[in-house]
Amino acid sequence: MCSILLVCLALTLSFQSPLLGQKQTKQPTHQKEERTKPPQEEARPTTTQTSYVGQPTSNPENKRETDKNAYLKHVLSPEILPSWLLFVVGTTGIYFAWRTLRGLEIQTSALKTTAEAAKKSADVAEQALRISERADVLLNTAMFHHGNVLNGVDAFVEIEFKNFGPTRARNVQLSLNLVIEEVPSTDSTHIPPITLGAGDTRRINSDFFVKFLTEQTSSSIFQGKLPLRFEAHASYEDVFGQKHTTHSTGLWIPAKGTFLIEREESD
């Protein structure tokens with residue numbers, strides 16, 4: 001682009017130089033002719049020109065055409081050519097500058113889009129890493145223990161939590177509550193917090209039925225006349241510092257001797 005501009009400027013200067021030379025050479029010649037003009041010619045009387053008053057005026061259309069031709073002749077004259085060349089050079093420079101700025105704008109927009117996509121990809125990769133490598137403490141088993149004779153002396157409920165994740169869980173707080181109609185729910189939130197490594201398990205159990213149930217209530221549970229449910233809860237932190245919770249409920253089925261897990265929610 002710079003080479004094109006230089007060539008145009010050189011052409012402009014080349015057109016201006018001959019015109020200036022012609023003007024300078026013509027002026028002394030004219031002055032010389034005026035000095036050498038014979039005295040006889042200077043004293044010669046001028047011929048009287050007769051003007052006719054009734055001569056018709058020029059046609060307006062011809063006048064407009066004449067003005068138009070004069071304007072075009074002036075615009076296309078050699079004296080105006082350098083100005084046209086300068087106009088073309090300036091317009092060309094403005095066009096290439098606009099193209100350059102437009103290209104920079106497009107390049108900047110593309111770089112911004114690439115940066116945003118890279119950041120989003122990094123966030124997704126980090127989130128995927130957190131999900132795949134986090135601790136995951138869930139309910140593993142729920143059991144109903146009793147002796148050879150069904151009574152409340154040696155009967156209790158035991159549940160087991162397990163860390164199914166590949167990393168350890170910290171500040172694990174476990175709790176177990178037994179839910180029985182017309183009986184206050186038990187509370188095991190007094191269990192101190194622990195740490196569960198990958199694949200580790202931890203069991204917690206209720207008190208013996210005899211400590212908080214009457215013999216008649218225990219017998220109704222054993223016969224299936226009174227529903228026995230449990231609520232288990234676990235809260236913990238993973239290695240990334242994120243907190244998680246798990247909540248599970250189950251119903252005792254006397255005919256099968258097992259618990260039916262009714263609900264299990266975790267984040």
# chains A, B, ... in the order shown; residues from 1 in each chain; ligands from 1

call {"tool": "closest_atom_pairs", "arguments": {"of": "stretch 205-262 of chain A", "to": "stretch 169-190 of chain A", "cutoff": "9 Å", "atoms": "only C-alpha atoms", "output": "Markdown table"}}
result
| residue | atom | partner | partner_atom | distance |
| --- | --- | --- | --- | --- |
| A:Asn205 | CA | A:Leu176 | CA | 7.2 |
| A:Ser206 | CA | A:Leu176 | CA | 7.0 |
| A:Asp207 | CA | A:Thr186 | CA | 8.5 |
| A:Phe212 | CA | A:Thr186 | CA | 8.4 |
| A:Leu213 | CA | A:Val183 | CA | 7.9 |
| A:Ile221 | CA | A:Ile180 | CA | 8.9 |
| A:Leu226 | CA | A:Glu181 | CA | 7.4 |
| A:Pro227 | CA | A:Ile180 | CA | 6.5 |
| A:Leu228 | CA | A:Ile180 | CA | 5.4 |
| A:Arg229 | CA | A:Val179 | CA | 5.0 |
| A:Phe230 | CA | A:Leu178 | CA | 4.4 |
| A:Glu231 | CA | A:Asn177 | CA | 5.1 |
| A:Ala232 | CA | A:Leu176 | CA | 4.6 |
| A:His233 | CA | A:Ser175 | CA | 5.2 |
| A:Ala234 | CA | A:Leu174 | CA | 4.6 |
| A:Ser235 | CA | A:Gln173 | CA | 5.3 |
| A:Tyr236 | CA | A:Val172 | CA | 4.3 |
| A:Glu237 | CA | A:Arg170 | CA | 5.1 |
| A:Asp238 | CA | A:Ala169 | CA | 5.0 |
| A:Val239 | CA | A:Ala169 | CA | 6.9 |
| A:Gly241 | CA | A:Arg170 | CA | 9.0 |

call {"tool": "write_last_selection", "arguments": {"atoms": "N, CA, C and O atoms", "output": "tab-separated table (two decimals), in the first residue's frame"}}
result
chain	number	residue	atom	x	y	z
A	205	ASN	N	-25.70	-47.61	65.41
A	205	ASN	CA	-26.89	-48.38	65.79
A	205	ASN	C	-27.70	-47.63	66.83
A	205	ASN	O	-27.22	-46.70	67.49
A	206	SER	N	-28.95	-48.05	66.96
A	206	SER	CA	-29.84	-47.48	67.96
A	206	SER	C	-29.62	-48.15	69.31
A	206	SER	O	-28.88	-49.13	69.42
A	207	ASP	N	-30.30	-47.62	70.32
A	207	ASP	CA	-30.28	-48.30	71.63
A	207	ASP	C	-31.13	-49.57	71.56
A	207	ASP	O	-31.93	-49.76	70.64
A	212	PHE	N	-36.23	-47.77	75.43
A	212	PHE	CA	-37.15	-46.69	75.08
A	212	PHE	C	-38.51	-47.19	74.60
A	212	PHE	O	-39.37	-46.39	74.25
A	213	LEU	N	-38.73	-48.55	74.60
A	213	LEU	CA	-40.01	-49.11	74.19
A	213	LEU	C	-40.55	-50.03	75.28
A	213	LEU	O	-39.78	-50.72	75.98
A	221	ILE	N	-44.34	-54.42	67.06
A	221	ILE	CA	-43.39	-54.22	65.95
A	221	ILE	C	-42.97	-55.58	65.38
A	221	ILE	O	-42.94	-55.78	64.15
A	226	LEU	N	-47.25	-52.74	64.05
A	226	LEU	CA	-46.82	-51.35	64.23
A	226	LEU	C	-45.61	-51.09	63.32
A	226	LEU	O	-44.59	-51.77	63.44
A	227	PRO	N	-45.73	-50.14	62.38
A	227	PRO	CA	-44.62	-49.90	61.45
A	227	PRO	C	-43.38	-49.37	62.17
A	227	PRO	O	-43.48	-48.56	63.10
A	228	LEU	N	-42.23	-49.85	61.71
A	228	LEU	CA	-40.94	-49.39	62.23
A	228	LEU	C	-40.15	-48.79	61.05
A	228	LEU	O	-39.87	-49.49	60.08
A	229	ARG	N	-39.84	-47.55	61.17
A	229	ARG	CA	-39.06	-46.87	60.14
A	229	ARG	C	-37.79	-46.27	60.76
A	229	ARG	O	-37.73	-46.03	61.96
A	230	PHE	N	-36.84	-46.00	59.88
A	230	PHE	CA	-35.63	-45.30	60.32
A	230	PHE	C	-35.34	-44.13	59.37
A	230	PHE	O	-35.74	-44.15	58.20
A	231	GLU	N	-34.65	-43.15	59.89
A	231	GLU	CA	-34.13	-42.03	59.11
A	231	GLU	C	-32.63	-41.93	59.37
A	231	GLU	O	-32.21	-41.82	60.53
A	232	ALA	N	-31.86	-42.00	58.32
A	232	ALA	CA	-30.40	-41.92	58.43
A	232	ALA	C	-29.91	-40.68	57.69
A	232	ALA	O	-30.39	-40.37	56.59
A	233	HIS	N	-28.95	-40.00	58.28
A	233	HIS	CA	-28.44	-38.76	57.70
A	233	HIS	C	-26.92	-38.73	57.80
A	233	HIS	O	-26.34	-39.17	58.81
A	234	ALA	N	-26.27	-38.23	56.73
A	234	ALA	CA	-24.81	-38.06	56.72
A	234	ALA	C	-24.47	-36.72	56.09
A	234	ALA	O	-25.00	-36.38	55.03
A	235	SER	N	-23.61	-35.95	56.74
A	235	SER	CA	-23.09	-34.70	56.18
A	235	SER	C	-21.57	-34.74	56.26
A	235	SER	O	-21.00	-35.23	57.24
A	236	TYR	N	-20.89	-34.22	55.22
A	236	TYR	CA	-19.42	-34.33	55.16
A	236	TYR	C	-18.87	-33.30	54.18
A	236	TYR	O	-19.62	-32.63	53.45
A	237	GLU	N	-17.54	-33.21	54.14
A	237	GLU	CA	-16.82	-32.35	53.20
A	237	GLU	C	-15.88	-33.20	52.36
A	237	GLU	O	-15.26	-34.14	52.88
A	238	ASP	N	-15.77	-32.87	51.05
A	238	ASP	CA	-14.83	-33.60	50.21
A	238	ASP	C	-13.46	-32.91	50.23
A	238	ASP	O	-13.26	-31.90	50.92
A	239	VAL	N	-12.50	-33.44	49.48
A	239	VAL	CA	-11.14	-32.89	49.48
A	239	VAL	C	-11.07	-31.52	48.82
A	239	VAL	O	-10.08	-30.80	48.97
A	241	GLY	N	-13.21	-29.16	49.58
A	241	GLY	CA	-13.83	-28.23	50.50
A	241	GLY	C	-15.33	-28.05	50.31
A	241	GLY	O	-15.94	-27.20	50.97

call {"tool": "select_by_dssp", "arguments": {"residues": "stretch 89-189 of chain A", "states": "alpha helix (DSSP H)", "output": "VMD selection string"}}
result
chain A and resid 89 to 133

call {"tool": "residues_around", "arguments": {"residues": "A:Gln216", "least_positions_apart": "6", "cutoff": "10 Å", "atoms": "only C-alpha atoms", "output": "NGL selection string"}}
result
:A and (151-152 or 222)

call {"tool": "residues_around", "arguments": {"residues": "A:Asp267", "least_positions_apart": "3", "cutoff": "12 Å", "atoms": "only C-alpha atoms", "output": "CSV table (one decimal) with N, CA, C and O atoms, in the first residue's frame"}}
result
chain,number,residue,atom,x,y,z
A,131,ILE,N,-16.5,-33.9,40.3
A,131,ILE,CA,-17.5,-34.9,40.4
A,131,ILE,C,-16.9,-36.3,40.5
A,131,ILE,O,-17.3,-37.1,41.3
A,134,ARG,N,-14.6,-36.7,43.9
A,134,ARG,CA,-15.1,-36.3,45.2
A,134,ARG,C,-15.5,-37.6,46.0
A,134,ARG,O,-15.7,-38.6,45.5
A,135,ALA,N,-15.6,-37.4,47.3
A,135,ALA,CA,-16.1,-38.4,48.2
A,135,ALA,C,-17.6,-38.6,48.0
A,135,ALA,O,-18.3,-37.6,47.7
A,136,ASP,N,-18.1,-39.8,48.2
A,136,ASP,CA,-19.5,-40.0,48.1
A,136,ASP,C,-20.0,-41.0,49.1
A,136,ASP,O,-19.9,-42.2,49.0
A,137,VAL,N,-20.5,-40.4,50.2
A,137,VAL,CA,-20.9,-41.2,51.4
A,137,VAL,C,-22.4,-41.5,51.3
A,137,VAL,O,-23.2,-40.6,51.2
A,138,LEU,N,-22.7,-42.8,51.2
A,138,LEU,CA,-24.1,-43.3,51.0
A,138,LEU,C,-24.4,-44.4,52.0
A,138,LEU,O,-23.5,-45.0,52.6
A,234,ALA,N,-26.3,-38.2,56.7
A,234,ALA,CA,-24.8,-38.1,56.7
A,234,ALA,C,-24.5,-36.7,56.1
A,234,ALA,O,-25.0,-36.4,55.0
A,235,SER,N,-23.6,-36.0,56.7
A,235,SER,CA,-23.1,-34.7,56.2
A,235,SER,C,-21.6,-34.7,56.3
A,235,SER,O,-21.0,-35.2,57.2
A,236,TYR,N,-20.9,-34.2,55.2
A,236,TYR,CA,-19.4,-34.3,55.2
A,236,TYR,C,-18.9,-33.3,54.2
A,236,TYR,O,-19.6,-32.6,53.5
A,237,GLU,N,-17.5,-33.2,54.1
A,237,GLU,CA,-16.8,-32.3,53.2
A,237,GLU,C,-15.9,-33.2,52.4
A,237,GLU,O,-15.3,-34.1,52.9
A,238,ASP,N,-15.8,-32.9,51.1
A,238,ASP,CA,-14.8,-33.6,50.2
A,238,ASP,C,-13.5,-32.9,50.2
A,238,ASP,O,-13.3,-31.9,50.9
A,242,GLN,N,-16.0,-28.8,49.4
A,242,GLN,CA,-17.4,-28.7,49.2
A,242,GLN,C,-18.1,-29.6,50.2
A,242,GLN,O,-17.7,-30.7,50.5
A,243,LYS,N,-19.3,-29.1,50.7
A,243,LYS,CA,-20.1,-29.8,51.6
A,243,LYS,C,-21.2,-30.6,50.9
A,243,LYS,O,-21.7,-30.1,49.9
A,244,HIS,N,-21.5,-31.8,51.4
A,244,HIS,CA,-22.5,-32.7,50.8
A,244,HIS,C,-23.3,-33.3,52.0
A,244,HIS,O,-22.9,-33.4,53.1
A,245,THR,N,-24.5,-33.8,51.6
A,245,THR,CA,-25.4,-34.4,52.5
A,245,THR,C,-26.0,-35.7,51.9
A,245,THR,O,-26.2,-35.7,50.6
A,246,THR,N,-26.4,-36.6,52.7
A,246,THR,CA,-27.1,-37.8,52.2
A,246,THR,C,-28.2,-38.1,53.3
A,246,THR,O,-28.0,-38.1,54.5
A,247,HIS,N,-29.4,-38.3,52.7
A,247,HIS,CA,-30.6,-38.6,53.6
A,247,HIS,C,-31.3,-39.9,53.1
A,247,HIS,O,-31.6,-40.0,51.9
A,264,GLU,N,-33.7,-42.3,49.2
A,264,GLU,CA,-32.3,-42.0,49.4
A,264,GLU,C,-31.9,-40.8,48.5
A,264,GLU,O,-32.0,-40.9,47.3

call {"tool": "atom_distance", "arguments": {"atom1": "atom CA of A:His145", "atom2": "atom CA of A:Trp252"}}
result
11.7 Å

call {"tool": "residues_around", "arguments": {"residues": "A:Asn140", "least_positions_apart": "6", "cutoff": "8 Å", "atoms": "only C-alpha atoms", "output": "PyMOL selection string"}}
result
chain A and resi 159-162

call {"tool": "write_last_selection", "arguments": {"atoms": "N, CA, C and O atoms", "output": "mmCIF file, in the first residue's frame"}}
result
data_model
loop_
_atom_site.group_PDB
_atom_site.id
_atom_site.type_symbol
_atom_site.label_atom_id
_atom_site.label_comp_id
_atom_site.auth_asym_id
_atom_site.auth_seq_id
_atom_site.Cartn_x
_atom_site.Cartn_y
_atom_site.Cartn_z
ATOM 1 N N ILE A 159 -27.270 -49.491 61.001
ATOM 2 C CA ILE A 159 -27.086 -49.109 59.596
ATOM 3 C C ILE A 159 -25.591 -48.895 59.335
ATOM 4 O O ILE A 159 -24.803 -48.659 60.258
ATOM 5 N N GLU A 160 -25.247 -49.010 58.076
ATOM 6 C CA GLU A 160 -23.841 -48.854 57.697
ATOM 7 C C GLU A 160 -23.721 -47.850 56.538
ATOM 8 O O GLU A 160 -24.424 -47.966 55.527
ATOM 9 N N PHE A 161 -22.835 -46.866 56.697
ATOM 10 C CA PHE A 161 -22.497 -45.911 55.647
ATOM 11 C C PHE A 161 -21.155 -46.292 55.028
ATOM 12 O O PHE A 161 -20.262 -46.798 55.708
ATOM 13 N N LYS A 162 -21.040 -46.016 53.725
ATOM 14 C CA LYS A 162 -19.793 -46.324 53.022
ATOM 15 C C LYS A 162 -19.422 -45.160 52.101
ATOM 16 O O LYS A 162 -20.293 -44.556 51.475
#

call {"tool": "atom_distance", "arguments": {"atom1": "atom CA of A:Val149", "atom2": "atom CA of A:Gly224"}}
result
15.8 Å

call {"tool": "closest_residue", "arguments": {"among": "A:Thr141, A:Thr114, A:Ser121, A:Ser132", "to": "A:Ile204", "atoms": "only C-alpha atoms"}}
result
A:Thr141

call {"tool": "residues_around", "arguments": {"residues": "A:Phe259", "least_positions_apart": "5", "cutoff": "8 Å", "atoms": "only C-alpha atoms", "output": "mmCIF file with N, CA, C and O atoms, in the first residue's frame"}}
result
data_model
loop_
_atom_site.group_PDB
_atom_site.id
_atom_site.type_symbol
_atom_site.label_atom_id
_atom_site.label_comp_id
_atom_site.auth_asym_id
_atom_site.auth_seq_id
_atom_site.Cartn_x
_atom_site.Cartn_y
_atom_site.Cartn_z
ATOM 1 N N ALA A 142 -28.838 -51.710 55.976
ATOM 2 C CA ALA A 142 -29.673 -51.456 57.160
ATOM 3 C C ALA A 142 -30.126 -52.804 57.688
ATOM 4 O O ALA A 142 -30.681 -53.622 56.942
ATOM 5 N N MET A 143 -29.884 -53.068 58.980
ATOM 6 C CA MET A 143 -30.149 -54.400 59.567
ATOM 7 C C MET A 143 -30.929 -54.267 60.869
ATOM 8 O O MET A 143 -30.788 -53.281 61.593
ATOM 9 N N PHE A 144 -31.739 -55.306 61.125
ATOM 10 C CA PHE A 144 -32.494 -55.412 62.371
ATOM 11 C C PHE A 144 -31.934 -56.602 63.153
ATOM 12 O O PHE A 144 -32.037 -57.737 62.719
ATOM 13 N N GLY A 250 -36.082 -45.931 55.586
ATOM 14 C CA GLY A 250 -36.398 -47.331 55.317
ATOM 15 C C GLY A 250 -37.528 -47.836 56.196
ATOM 16 O O GLY A 250 -37.808 -47.272 57.260
ATOM 17 N N LEU A 251 -38.217 -48.899 55.731
ATOM 18 C CA LEU A 251 -39.353 -49.503 56.439
ATOM 19 C C LEU A 251 -39.040 -50.971 56.702
ATOM 20 O O LEU A 251 -38.619 -51.703 55.804
ATOM 21 N N TRP A 252 -39.261 -51.385 57.969
ATOM 22 C CA TRP A 252 -39.021 -52.768 58.360
ATOM 23 C C TRP A 252 -40.137 -53.666 57.826
ATOM 24 O O TRP A 252 -41.314 -53.397 58.013
ATOM 25 N N ILE A 253 -39.759 -54.767 57.112
ATOM 26 C CA ILE A 253 -40.710 -55.757 56.584
ATOM 27 C C ILE A 253 -40.522 -57.050 57.389
ATOM 28 O O ILE A 253 -39.593 -57.827 57.135
#
